[in-house]
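Have a look at target_29.txt; it's compact mmCIF, C-alpha atoms:
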```txt
# COMPACT_ATOMS: atom_id res chain seq x y z
CA MET A 191 -16.28 -15.14 -4.40
CA PRO A 192 -16.51 -18.73 -3.06
CA ALA A 193 -19.54 -19.56 -0.91
CA PRO A 194 -18.85 -19.76 2.81
CA VAL A 195 -18.29 -23.24 4.17
CA GLN A 196 -20.71 -23.91 7.03
CA SER A 197 -19.87 -26.30 9.81
CA SER A 198 -22.50 -28.87 10.83
CA ASP A 199 -23.66 -27.15 14.02
CA PRO A 200 -22.20 -23.67 14.22
CA PHE A 201 -22.96 -23.22 17.93
CA VAL A 202 -21.32 -26.38 19.24
CA PRO A 203 -17.55 -26.15 19.68
CA GLU A 204 -15.35 -29.10 18.82
CA ILE A 205 -12.50 -29.95 21.14
CA TYR A 206 -9.01 -29.35 19.73
CA ARG A 207 -5.57 -29.83 21.25
CA VAL A 208 -2.51 -27.69 20.81
CA GLY A 209 0.14 -29.63 18.90
CA ALA A 210 2.79 -26.94 18.57
CA VAL A 211 3.45 -23.38 19.66
CA ARG A 212 5.78 -20.89 18.02
CA ARG A 213 6.44 -17.37 19.22
CA GLU A 214 6.58 -15.13 16.17
CA LEU A 215 7.01 -11.71 17.78
CA ALA A 216 7.02 -10.28 21.28
CA ASP A 217 3.22 -10.22 21.32
CA VAL A 218 2.36 -12.69 18.56
CA VAL A 219 2.17 -16.47 18.83
CA THR A 220 1.33 -19.16 16.28
CA ILE A 221 -0.41 -22.30 17.52
CA GLU A 222 -1.07 -25.51 15.64
CA ILE A 223 -4.20 -27.31 16.75
CA GLU A 224 -5.60 -30.74 15.91
CA PRO A 225 -9.10 -32.09 16.57
CA GLU A 226 -9.26 -34.40 19.57
CA SER A 227 -11.29 -36.84 17.49
CA GLY A 228 -12.16 -37.09 13.81
CA GLY A 229 -10.93 -34.81 11.07
CA ARG A 230 -11.03 -31.08 10.75
CA PRO A 231 -13.56 -29.41 8.45
CA ASP A 232 -12.46 -27.95 5.12
CA PHE A 233 -11.63 -24.28 4.96
CA LEU A 234 -11.04 -21.66 2.32
CA PRO A 235 -8.24 -19.05 2.42
CA GLY A 236 -9.47 -15.99 4.30
CA GLN A 237 -11.91 -17.74 6.63
CA PHE A 238 -11.75 -17.67 10.42
CA ASN A 239 -12.50 -19.90 13.39
CA MET A 240 -13.97 -18.99 16.76
CA LEU A 241 -11.43 -20.23 19.28
CA TYR A 242 -12.67 -20.82 22.82
CA ALA A 243 -10.36 -20.57 25.81
CA PHE A 244 -12.39 -22.48 28.37
CA GLY A 245 -13.68 -20.32 31.19
CA ILE A 246 -12.46 -17.13 29.58
CA GLY A 247 -14.18 -16.65 26.26
CA GLU A 248 -14.18 -16.88 22.49
CA ALA A 249 -12.34 -14.85 19.86
CA ALA A 250 -12.46 -14.83 16.08
CA ILE A 251 -9.04 -15.80 14.73
CA SER A 252 -8.27 -16.08 11.03
CA ILE A 253 -6.90 -19.34 9.70
CA SER A 254 -3.31 -18.81 8.67
CA ASP A 255 -2.52 -22.31 7.44
CA GLU A 256 -3.25 -25.99 7.84
CA THR A 257 -0.94 -28.17 9.90
CA LYS A 258 1.86 -29.97 8.12
CA HIS A 259 -0.10 -33.16 7.42
CA GLY A 260 -3.36 -31.33 6.90
CA GLY A 261 -5.07 -32.63 10.01
CA GLY A 262 -5.47 -29.36 11.85
CA PHE A 263 -5.43 -25.60 11.74
CA VAL A 264 -2.70 -23.04 12.24
CA HIS A 265 -3.66 -19.77 13.91
CA THR A 266 -1.49 -16.74 14.52
CA ILE A 267 -2.67 -14.74 17.51
CA ARG A 268 -1.76 -11.29 18.77
CA GLU A 269 -2.10 -10.86 22.52
CA VAL A 270 -4.49 -7.93 22.85
CA GLY A 271 -7.19 -9.03 25.28
CA ALA A 272 -8.04 -11.65 27.90
CA VAL A 273 -9.06 -14.32 25.38
CA SER A 274 -6.20 -13.83 22.94
CA ARG A 275 -3.72 -13.74 25.82
CA ALA A 276 -5.13 -17.02 27.16
CA LEU A 277 -4.96 -18.62 23.70
CA ALA A 278 -1.42 -17.38 23.13
CA ALA A 279 -0.35 -18.72 26.52
CA MET A 280 -1.52 -22.27 25.76
CA GLU A 281 1.11 -24.97 25.89
CA VAL A 282 1.41 -28.12 23.84
CA GLY A 283 -1.32 -30.54 24.89
CA ALA A 284 -3.74 -27.87 26.13
CA SER A 285 -7.32 -28.16 24.93
CA LEU A 286 -9.57 -25.48 23.49
CA GLY A 287 -12.91 -25.23 21.76
CA LEU A 288 -13.31 -24.43 18.08
CA ARG A 289 -16.31 -23.38 16.02
CA GLY A 290 -15.92 -22.85 12.33
CA PRO A 291 -14.65 -22.22 9.77
CA PHE A 292 -16.81 -19.21 9.07
CA GLY A 293 -16.97 -16.39 6.60
CA THR A 294 -16.10 -15.60 3.03
CA ALA A 295 -12.81 -16.32 1.28
CA TRP A 296 -10.26 -14.64 -0.93
CA PRO A 297 -11.29 -15.10 -4.58
CA VAL A 298 -8.38 -17.36 -5.51
CA ALA A 299 -10.05 -19.30 -8.33
CA GLU A 300 -11.56 -16.11 -9.78
CA ALA A 301 -8.08 -14.66 -10.14
CA GLU A 302 -6.94 -17.37 -12.57
CA GLY A 303 -5.57 -15.80 -15.73
CA SER A 304 -5.13 -12.42 -14.03
CA ASP A 305 -2.35 -10.65 -12.17
CA VAL A 306 -2.65 -10.65 -8.39
CA VAL A 307 -1.37 -8.05 -5.95
CA VAL A 308 -1.40 -9.07 -2.29
CA VAL A 309 -0.97 -6.24 0.22
CA ALA A 310 -0.52 -7.09 3.89
CA GLY A 311 -0.05 -4.80 6.86
CA GLY A 312 1.22 -6.13 10.18
CA LEU A 313 -0.70 -9.18 11.33
CA GLY A 314 -2.78 -8.90 8.15
CA LEU A 315 -0.34 -11.30 6.54
CA ALA A 316 -1.84 -14.14 8.62
CA PRO A 317 -5.22 -14.41 6.85
CA LEU A 318 -3.49 -13.85 3.52
CA ARG A 319 -1.00 -16.66 3.94
CA PRO A 320 -3.38 -19.47 2.84
CA ALA A 321 -4.27 -17.41 -0.24
CA ILE A 322 -0.60 -16.89 -1.07
CA GLU A 323 0.05 -20.63 -0.64
CA ALA A 324 -2.92 -21.41 -2.89
CA LEU A 325 -1.67 -19.01 -5.57
CA LEU A 326 1.84 -20.46 -5.39
CA ALA A 327 0.53 -24.03 -5.52
CA ARG A 328 -0.94 -23.28 -8.96
CA ARG A 329 1.42 -20.53 -9.94
CA GLU A 330 1.15 -21.26 -13.66
CA ARG A 331 -2.52 -20.30 -13.64
CA TYR A 332 -1.85 -16.68 -12.73
CA GLY A 333 -0.11 -13.76 -14.35
CA GLN A 334 2.15 -11.45 -12.37
CA LEU A 335 2.12 -12.07 -8.64
CA ALA A 336 3.24 -9.39 -6.21
CA ILE A 337 3.31 -9.66 -2.42
CA LEU A 338 3.71 -6.36 -0.58
CA VAL A 339 4.20 -6.38 3.15
CA GLY A 340 4.29 -3.47 5.57
CA CYS A 341 5.00 -3.52 9.26
CA ARG A 342 6.12 -1.30 12.09
CA THR A 343 9.82 -2.12 12.36
CA PRO A 344 12.26 -4.72 10.97
CA GLU A 345 11.86 -6.65 14.24
CA ALA A 346 8.08 -6.84 13.70
CA ILE A 347 8.17 -8.65 10.36
CA LEU A 348 5.73 -11.53 10.62
CA TYR A 349 6.56 -14.89 8.96
CA ARG A 350 10.08 -13.75 8.13
CA HIS A 351 11.10 -17.33 7.31
CA GLU A 352 8.20 -17.79 4.88
CA LEU A 353 8.88 -14.42 3.25
CA GLU A 354 12.50 -15.40 2.72
CA GLN A 355 11.42 -18.72 1.19
CA TRP A 356 8.90 -17.06 -1.14
CA ARG A 357 11.50 -14.49 -2.09
CA GLN A 358 13.78 -17.21 -3.43
CA ARG A 359 11.27 -17.89 -6.18
CA LEU A 360 11.90 -16.12 -9.44
CA ASP A 361 8.24 -15.85 -10.41
CA ILE A 362 6.97 -13.46 -7.76
CA ASP A 363 7.72 -9.90 -6.69
CA ILE A 364 8.08 -9.52 -2.94
CA GLU A 365 8.63 -6.16 -1.29
CA VAL A 366 8.75 -5.49 2.41
CA THR A 367 8.67 -2.05 3.98
CA VAL A 368 8.75 -0.83 7.56
CA ASP A 369 7.43 2.37 9.10
CA HIS A 370 10.38 2.98 11.40
CA ALA A 371 13.99 1.90 11.11
CA SER A 372 17.54 2.85 11.86
CA THR A 373 20.33 2.70 9.32
CA ASP A 374 21.02 -0.96 10.23
CA TRP A 375 18.02 -1.85 8.08
CA HIS A 376 18.87 -1.91 4.39
CA GLY A 377 15.35 -2.48 3.09
CA ASN A 378 12.48 -0.12 2.29
CA VAL A 379 11.24 2.44 4.79
CA GLY A 380 7.82 3.93 4.18
CA VAL A 381 4.19 2.92 4.06
CA VAL A 382 3.06 -0.20 2.23
CA PRO A 383 0.80 1.59 -0.33
CA SER A 384 3.92 3.30 -1.68
CA LEU A 385 5.17 -0.11 -2.85
CA ILE A 386 2.29 -0.53 -5.29
CA ARG A 387 3.89 1.62 -7.96
CA ARG A 388 7.11 -0.38 -7.70
CA VAL A 389 5.73 -3.71 -8.89
CA ALA A 390 4.61 -4.79 -12.33
CA PHE A 391 0.97 -5.66 -13.03
CA ASP A 392 -1.70 -4.91 -15.58
CA PRO A 393 -4.20 -2.68 -13.76
CA ASP A 394 -6.94 -3.66 -16.19
CA ASP A 395 -6.55 -7.33 -15.33
CA THR A 396 -5.51 -7.48 -11.70
CA LEU A 397 -7.15 -8.65 -8.50
CA ALA A 398 -5.89 -7.19 -5.25
CA TYR A 399 -6.19 -8.78 -1.81
CA VAL A 400 -5.64 -6.37 1.06
CA CYS A 401 -5.54 -7.07 4.78
CA GLY A 402 -4.32 -4.95 7.67
CA PRO A 403 -5.46 -2.12 9.91
CA GLU A 404 -8.35 -0.19 8.37
CA VAL A 405 -6.35 3.02 7.95
CA MET A 406 -3.73 1.08 6.02
CA MET A 407 -6.42 -0.56 3.87
CA ARG A 408 -7.97 2.84 3.13
CA PHE A 409 -4.64 4.23 1.90
CA THR A 410 -3.95 1.02 -0.03
CA ALA A 411 -7.34 1.02 -1.76
CA SER A 412 -6.69 4.62 -2.76
CA ALA A 413 -3.23 3.77 -4.13
CA LEU A 414 -4.65 0.82 -6.08
CA HIS A 415 -7.34 3.08 -7.52
CA GLU A 416 -4.66 5.59 -8.51
CA ALA A 417 -2.71 2.77 -10.16
CA GLY A 418 -5.81 1.98 -12.25
CA VAL A 419 -7.22 -1.07 -10.46
CA ALA A 420 -11.04 -0.95 -10.44
CA THR A 421 -12.79 -1.08 -7.05
CA ASP A 422 -14.61 -4.27 -8.01
CA LYS A 423 -11.21 -6.00 -8.32
CA VAL A 424 -10.07 -5.01 -4.83
CA TYR A 425 -10.89 -7.26 -1.86
CA LEU A 426 -10.40 -6.33 1.79
CA SER A 427 -10.58 -8.45 4.90
CA MET A 428 -12.62 -6.60 7.50
CA GLU A 429 -12.39 -6.99 11.23
CA ARG A 430 -15.14 -6.39 13.74
CA ASN A 431 -15.98 -7.78 17.14
CA MET A 432 -17.58 -11.11 16.30
CA LYS A 433 -19.62 -13.17 18.73
CA CYS A 434 -22.06 -15.64 17.15
CA ALA A 435 -20.14 -15.83 13.83
CA VAL A 436 -23.29 -16.75 11.91
CA GLY A 437 -24.98 -13.39 11.42
CA LEU A 438 -27.50 -13.55 14.27
CA CYS A 439 -26.25 -11.42 17.12
CA GLY A 440 -25.35 -8.25 15.23
CA HIS A 441 -22.12 -7.52 17.08
CA CYS A 442 -20.14 -7.33 13.85
CA GLN A 443 -22.65 -5.29 11.87
CA PHE A 444 -20.96 -3.16 9.24
CA GLY A 445 -23.60 -0.99 7.57
CA PRO A 446 -26.07 -3.38 5.96
CA SER A 447 -23.67 -6.34 6.30
CA PHE A 448 -22.43 -8.66 8.99
CA VAL A 449 -18.69 -9.15 8.81
CA CYS A 450 -18.96 -12.71 10.14
CA LYS A 451 -21.15 -14.01 7.31
CA ASP A 452 -20.85 -11.40 4.52
CA GLY A 453 -17.14 -11.05 5.26
CA PRO A 454 -14.49 -10.97 6.46
CA VAL A 455 -13.37 -10.83 2.82
CA MET A 456 -15.43 -8.17 1.08
CA ARG A 457 -15.27 -6.58 -2.32
CA PHE A 458 -14.20 -2.97 -1.91
CA GLU A 459 -16.75 -1.79 -4.46
CA ARG A 460 -19.48 -3.03 -2.13
CA ILE A 461 -18.23 -1.37 1.03
CA SER A 462 -16.50 1.74 -0.31
CA PRO A 463 -19.55 4.04 0.26
CA ILE A 464 -19.41 3.34 4.01
CA PHE A 465 -15.75 2.41 4.44
CA ALA A 466 -14.62 5.82 5.62
CA MET A 467 -17.74 6.66 7.65
CA ARG A 468 -16.80 7.34 11.24
CA GLU A 469 -20.17 6.21 12.57
CA ILE A 470 -19.82 2.68 11.17
CA MET B 80 24.33 1.53 -29.54
CA THR B 81 22.94 5.03 -29.16
CA ILE B 82 23.62 7.12 -26.10
CA GLU B 83 20.62 8.90 -24.64
CA THR B 84 20.85 12.61 -24.07
CA ILE B 85 20.04 14.07 -20.67
CA GLY B 86 16.86 15.49 -22.19
CA GLN B 87 15.75 12.04 -23.34
CA ILE B 88 16.51 10.55 -19.95
CA LEU B 89 14.58 13.30 -18.20
CA ALA B 90 11.61 12.92 -20.53
CA LYS B 91 11.33 9.23 -19.52
CA HIS B 92 11.53 9.92 -15.80
CA PRO B 93 8.08 9.76 -14.12
CA PHE B 94 8.61 13.17 -12.53
CA PHE B 95 8.71 14.84 -15.94
CA ALA B 96 6.11 12.60 -17.57
CA GLU B 97 3.56 15.39 -17.97
CA PHE B 98 5.99 18.21 -18.77
CA GLN B 99 5.96 19.89 -22.13
CA PRO B 100 9.01 18.86 -24.22
CA GLU B 101 10.38 22.41 -24.34
CA HIS B 102 10.26 22.57 -20.56
CA VAL B 103 12.13 19.29 -20.26
CA GLU B 104 14.81 20.79 -22.47
CA LEU B 105 14.99 23.81 -20.15
CA VAL B 106 15.69 21.44 -17.25
CA ALA B 107 18.23 19.50 -19.30
CA GLY B 108 20.34 22.64 -19.51
CA CYS B 109 20.80 22.48 -15.73
CA ALA B 110 21.23 18.70 -15.42
CA ARG B 111 24.05 16.16 -15.37
CA ASN B 112 24.49 12.48 -14.64
CA VAL B 113 25.85 11.50 -11.24
CA ARG B 114 26.50 8.28 -9.33
CA PHE B 115 26.84 7.57 -5.63
CA ASN B 116 28.46 4.60 -3.99
CA PRO B 117 26.73 2.98 -1.00
CA GLY B 118 27.16 5.23 2.03
CA GLU B 119 27.78 8.41 0.05
CA TYR B 120 25.57 11.39 0.80
CA LEU B 121 23.55 13.24 -1.80
CA THR B 122 22.61 16.01 0.66
CA ARG B 123 23.35 16.78 4.31
CA GLU B 124 20.84 18.16 6.79
CA GLY B 125 21.32 21.91 7.11
CA GLY B 126 23.57 22.04 4.09
CA PRO B 127 22.86 24.12 1.00
CA ALA B 128 19.95 22.80 -1.07
CA ASP B 129 21.78 23.61 -4.27
CA ARG B 130 20.78 20.48 -6.18
CA PHE B 131 17.92 18.12 -6.51
CA PHE B 132 18.06 14.60 -7.86
CA LEU B 133 16.03 12.25 -9.97
CA ILE B 134 16.86 8.66 -9.12
CA ARG B 135 17.46 6.44 -12.15
CA HIS B 136 18.68 3.32 -10.32
CA GLY B 137 19.41 2.41 -6.74
CA MET B 138 18.06 3.40 -3.37
CA VAL B 139 18.44 6.52 -1.24
CA SER B 140 17.40 6.87 2.39
CA LEU B 141 16.30 10.15 3.94
CA GLU B 142 17.67 10.25 7.46
CA VAL B 143 17.52 12.43 10.54
CA ALA B 144 20.57 12.42 12.78
CA THR B 145 19.86 11.92 16.49
CA PRO B 146 22.54 12.70 19.08
CA GLY B 147 24.03 9.59 20.65
CA ARG B 148 21.94 7.22 18.54
CA ALA B 149 21.94 5.78 15.06
CA PRO B 150 20.24 8.03 12.50
CA ILE B 151 16.51 7.44 11.99
CA VAL B 152 15.44 6.57 8.47
CA VAL B 153 12.37 8.59 7.54
CA THR B 154 11.80 7.02 4.15
CA THR B 155 13.61 5.30 1.32
CA LEU B 156 13.37 6.40 -2.29
CA ARG B 157 13.96 4.38 -5.42
CA GLU B 158 14.04 4.56 -9.18
CA GLY B 159 11.54 7.07 -10.56
CA GLU B 160 11.48 9.22 -7.43
CA ILE B 161 13.05 12.57 -6.60
CA VAL B 162 15.34 13.61 -3.77
CA GLY B 163 15.13 17.17 -2.48
CA ALA B 164 12.50 19.88 -2.43
CA SER B 165 14.19 22.47 -0.21
CA TRP B 166 15.81 24.06 -3.28
CA LEU B 167 12.43 25.57 -4.16
CA ALA B 168 11.97 27.85 -1.16
CA PRO B 169 14.25 30.00 1.02
CA PRO B 170 16.43 29.51 2.97
CA TYR B 171 17.43 26.75 0.48
CA ARG B 172 18.75 24.40 3.16
CA SER B 173 18.37 20.62 3.09
CA MET B 174 16.11 19.19 5.77
CA PHE B 175 17.45 15.63 5.72
CA ASP B 176 20.57 13.64 5.15
CA ALA B 177 20.07 11.78 1.89
CA ARG B 178 22.34 8.73 1.74
CA ALA B 179 22.82 6.17 -1.01
CA VAL B 180 21.98 2.75 0.45
CA GLU B 181 23.21 0.98 -2.66
CA LEU B 182 24.94 2.06 -5.84
CA THR B 183 22.72 4.87 -7.06
CA ARG B 184 22.64 6.57 -10.43
CA ALA B 185 20.77 9.83 -10.69
CA ILE B 186 20.34 13.04 -12.60
CA SER B 187 21.55 16.00 -10.58
CA ILE B 188 19.88 19.31 -11.34
CA ASP B 189 21.54 22.60 -10.44
CA ALA B 190 19.00 24.38 -8.24
CA GLU B 191 20.15 27.94 -8.86
CA CYS B 192 20.11 27.39 -12.61
CA LEU B 193 16.61 25.93 -12.39
CA ARG B 194 15.29 28.66 -10.10
CA LYS B 195 16.46 31.31 -12.56
CA LYS B 196 14.58 29.55 -15.36
CA CYS B 197 11.48 29.26 -13.16
CA GLU B 198 11.71 32.98 -12.43
CA LYS B 199 12.15 33.85 -16.09
CA ASP B 200 9.27 31.68 -17.30
CA HIS B 201 6.51 31.61 -14.69
CA TYR B 202 4.47 29.09 -16.65
CA PHE B 203 7.40 26.70 -16.46
CA GLY B 204 7.94 27.65 -12.81
CA TYR B 205 4.30 26.88 -12.00
CA GLU B 206 4.58 23.50 -13.72
CA MET B 207 7.69 22.74 -11.69
CA MET B 208 6.09 23.89 -8.43
CA GLN B 209 2.99 21.82 -9.10
CA SER B 210 5.02 18.68 -9.81
CA VAL B 211 7.13 19.02 -6.69
CA LEU B 212 4.03 19.77 -4.64
CA ARG B 213 2.34 16.63 -5.95
CA VAL B 214 5.26 14.58 -4.65
CA LEU B 215 5.30 16.42 -1.33
CA VAL B 216 1.57 15.91 -0.75
CA LYS B 217 1.99 12.16 -1.25
CA ARG B 218 4.93 12.07 1.11
CA LEU B 219 3.02 14.10 3.66
CA GLN B 220 0.15 11.63 3.48
CA ALA B 221 2.57 8.74 3.89
CA THR B 222 4.22 10.44 6.85
CA ARG B 223 0.83 10.94 8.48
CA MET B 224 0.18 7.24 8.13
CA GLN B 225 3.57 6.45 9.66
CA ILE B 226 2.84 8.78 12.57
CA LEU B 227 -0.49 7.04 13.13
CA ASP B 228 1.52 3.94 13.95
CA VAL B 229 -1.28 1.78 12.59
CA TYR B 230 0.47 -1.50 13.42
CA GLY B 231 0.78 -0.64 17.09
CA GLU B 232 -1.80 -1.96 19.51
```
Take the structure I supplied and represent it as structure tokens, if you would.
Amino acid sequence: MPAPVQSSDPFVPEIYRVGAVRRELADVVTIEIEPESGGRPDFLPGQFNMLYAFGIGEAAISISDETKHGGGFVHTIREVGAVSRALAAMEVGASLGLRGPFGTAWPVAEAEGSDVVVVAGGLGLAPLRPAIEALLARRERYGQLAILVGCRTPEAILYRHELEQWRQRLDIDIEVTVDHASTDWHGNVGVVPSLIRRVAFDPDDTLAYVCGPEVMMRFTASALHEAGVATDKVYLSMERNMKCAVGLCGHCQFGPSFVCKDGPVMRFERISPIFAMREI
Amino acid sequence: MTIETIGQILAKHPFFAEFQPEHVELVAGCARNVRFNPGEYLTREGGPADRFFLIRHGMVSLEVATPGRAPIVVTTLREGEIVGASWLAPPYRSMFDARAVELTRAISIDAECLRKKCEKDHYFGYEMMQSVLRVLVKRLQATRMQILDVYGE
């Protein structure tokens, strides 16, 4: 797994400005932000930034892309609390603070020569998008590539445009499923782990990247295990309430680990003993 | 070009993957090839569960009719999956509408014929029960996850 990229002073936010805003879903917004001065730090797929809505607070938001010319970050935000609502309500030109990037990354280079199965649930597609772009950018270096996406309803499909673009390629398997639908929807209905058996990969030589609600990841890890993928080849992106983002405050403690510095991307083999523990 | 027998087709279907060959042949005696155009129903809710299906190609949706609204799709099934379990237990009535979403080819198995064979050979019947139950347990788990509405707030 790539080493985390540390910013120069992790406690001092840099000032960024909103360059573009796009509403994805009723409660999900994507913002593009550029540094007010200088360039943005490098990031690895799977990492997150701490975004600061001045006067309201900070929230950990995964990096879902870089801006078109590479000068800034793209973040997709679901409005669930005061901070995320404030961030999602920002208009073009608004300023915000940014610390980061923090955390571990999807093992993109380690997957070279192997098959890759990407499983996303709901907003979990956001932190996976940079990994998917990285895999597609060097497609010839990988074996089979499958992208499996689950969401609540057909109306709640995140990045529909990008999914349609990826689907046009002949060298990847893309399956989308929804939990609830009427007969107007002609695609799959059912849970995303059920798609695993429908795509081709060599279980002995496959890496799986999984991101979504923990219940969904639990079922997915189980389905991957049943399909023959070893737990040390399965990576999950964990989510906990992060504050300092550098492993000092303990808010995001997950058993013996801190999600902010030992995660968010974690090897399932490492966390499986405590993954289903209610107390953790 | 050789044409596969029903028995050979059944033996390759994932549902029968672990069946003994002689048991697959027992099933073959009750089976025939069928095809459904998009929109055609394999079963209707409340109707007799007199057949069950193994999907070879295509997609089938299991639906529940709701008065005054479009039917709700409970799940979709594809190649390698089975449609119908109500044939195994009284009152032998289908619990869902099963509708072909796209051109679907399947093996249709006569439920009464199969039940008689299960009754005659309990070892075979147990194998059949166990296989259907395995599918049902997975679907039950999936349904639980759907009910949890994990993508909601």
### Query
When the cut-off is 9 Å and we count all atoms listed in the file, which residues of chain B are near chain A, given as a PyMOL selection string?
chain B and resi 138+140+142+149-158+180-181+220-222+224-232
### Task
Would you list the residues near (24.6, 12.3, -9.0), meaning any protein, DNA or RNA residue with an atom at most 12 Å from that point in file coordinates, counting only C-alpha atoms, as a ChimeraX atom specification?
/B:110-116,119-122,130-137,139,161-162,177-179,182-189
### Query
When you draw a straight line from CA of Ala144 (chain B) to CA of Arg123 (chain B), how long is it in Å?
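Result for CA of Ala144 (chain B) versus CA of Arg123 (chain B): 9.9 Å, one decimal.
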### Query
Distance CA of Gly159 (chain B)-CA of Glu354 (chain A), one decimal place?
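Distance reported for this atom pair: 26.1 Å.
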#### Entry: Straight-line distance linking CA of Phe175 (chain B) with CA of Met207 (chain B), stated in Å to one decimal
21.2 Å
Find the residues near Phe292 (chain A): any atom within 10 Å, counting all atoms listed in the file, skip ones fewer than 5 places away on the same chain, and give them as a compact mmCIF listing (two decimals) with C-alpha atoms, in the frame of the given file.
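Written file, selection-v1.txt:
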```txt
# COMPACT_ATOMS: atom_id res chain seq x y z
CA PRO A 194 -18.85 -19.76 2.81
CA VAL A 195 -18.29 -23.24 4.17
CA GLN A 196 -20.71 -23.91 7.03
CA SER A 197 -19.87 -26.30 9.81
CA PRO A 200 -22.20 -23.67 14.22
CA PHE A 233 -11.63 -24.28 4.96
CA LEU A 234 -11.04 -21.66 2.32
CA GLY A 236 -9.47 -15.99 4.30
CA GLN A 237 -11.91 -17.74 6.63
CA PHE A 238 -11.75 -17.67 10.42
CA ASN A 239 -12.50 -19.90 13.39
CA MET A 240 -13.97 -18.99 16.76
CA ALA A 250 -12.46 -14.83 16.08
CA SER A 252 -8.27 -16.08 11.03
CA ILE A 253 -6.90 -19.34 9.70
CA ALA A 435 -20.14 -15.83 13.83
CA VAL A 436 -23.29 -16.75 11.91
CA CYS A 450 -18.96 -12.71 10.14
CA LYS A 451 -21.15 -14.01 7.31
CA ASP A 452 -20.85 -11.40 4.52
CA GLY A 453 -17.14 -11.05 5.26
CA PRO A 454 -14.49 -10.97 6.46
```
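If all atoms listed in the file are the atoms counted, then among A:Val308, A:Ala321, A:Ala276, A:Leu338 the closest residue to Val366 (chain A) is A:Leu338.
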#### Entry: For Glu160 (chain B), the nearest of the candidates B:Asp176, B:Asp200, B:Glu83, B:Ser210, counting only C-alpha atoms
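Once distances to Glu160 (chain B) are computed over only C-alpha atoms, the minimum belongs to B:Ser210.
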### Query
Is there a way to get, as a list in words, all residues within 12 Å of the point (4.8, -28.2, 18.9) in file coordinates, counting all atoms listed in the file?
Arg207, Val208, Gly209, Ala210, Val211, Arg212, Arg213, Thr220, Ile221, Glu222, Ile223, Glu224, Thr257, Lys258, Val264, Met280, Glu281, Val282, Gly283 and Ala284 of chain A
### Message
Could you check the closest approach to Gln209 (chain B) for each of B:Phe95, B:Cys109, B:Thr145, B:Arg172 and tell me which residue wins, using all atoms listed in the file?
### Response
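Nearest to Gln209 (chain B): B:Phe95.
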### Contact residues around Ala190 (chain B) with all atoms listed in the file at 6 Å, ignoring same-chain residues under 3 positions, as a ChimeraX atom specification
/B:129-130,166,193-194
### Pick from A:Phe391, A:Phe201, A:Glu256, A:Gly245, whichever lies nearest to Gly437 (chain A) using only C-alpha atoms
A:Phe201
### Task
Could you give me, as JSON, numbers by chain, the residues within 10 Å of Cys197 (chain B), counting all atoms listed in the file and dropping anything in the same chain fewer than 6 positions from it?
{"B": [105, 106, 167, 191, 203, 204, 205, 206, 207, 208]}
### Query
Of the candidates A:Ile386, A:Val419, A:Ala299, A:Ile267, which one gets nearest to Ile251 (chain A) if we count all atoms listed in the file?
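Result for the nearest residue to Ile251 (chain A): A:Ile267.
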### Task
Write out as a ChimeraX atom specification the residues lying within 9 Å of Arg331 (chain A), counting all atoms listed in the file and excluding same-chain residues fewer than 4 positions away.
/A:301-304,325
Could you dump the residues just selected with C-alpha atoms as a tab-separated table (two decimals), in the frame of the given file?
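For reference, result-v7.tsv as written:
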```tsv
chain	number	residue	atom	x	y	z
A	301	ALA	CA	-8.08	-14.66	-10.14
A	302	GLU	CA	-6.94	-17.37	-12.57
A	303	GLY	CA	-5.57	-15.80	-15.73
A	304	SER	CA	-5.13	-12.42	-14.03
A	325	LEU	CA	-1.67	-19.01	-5.57
```
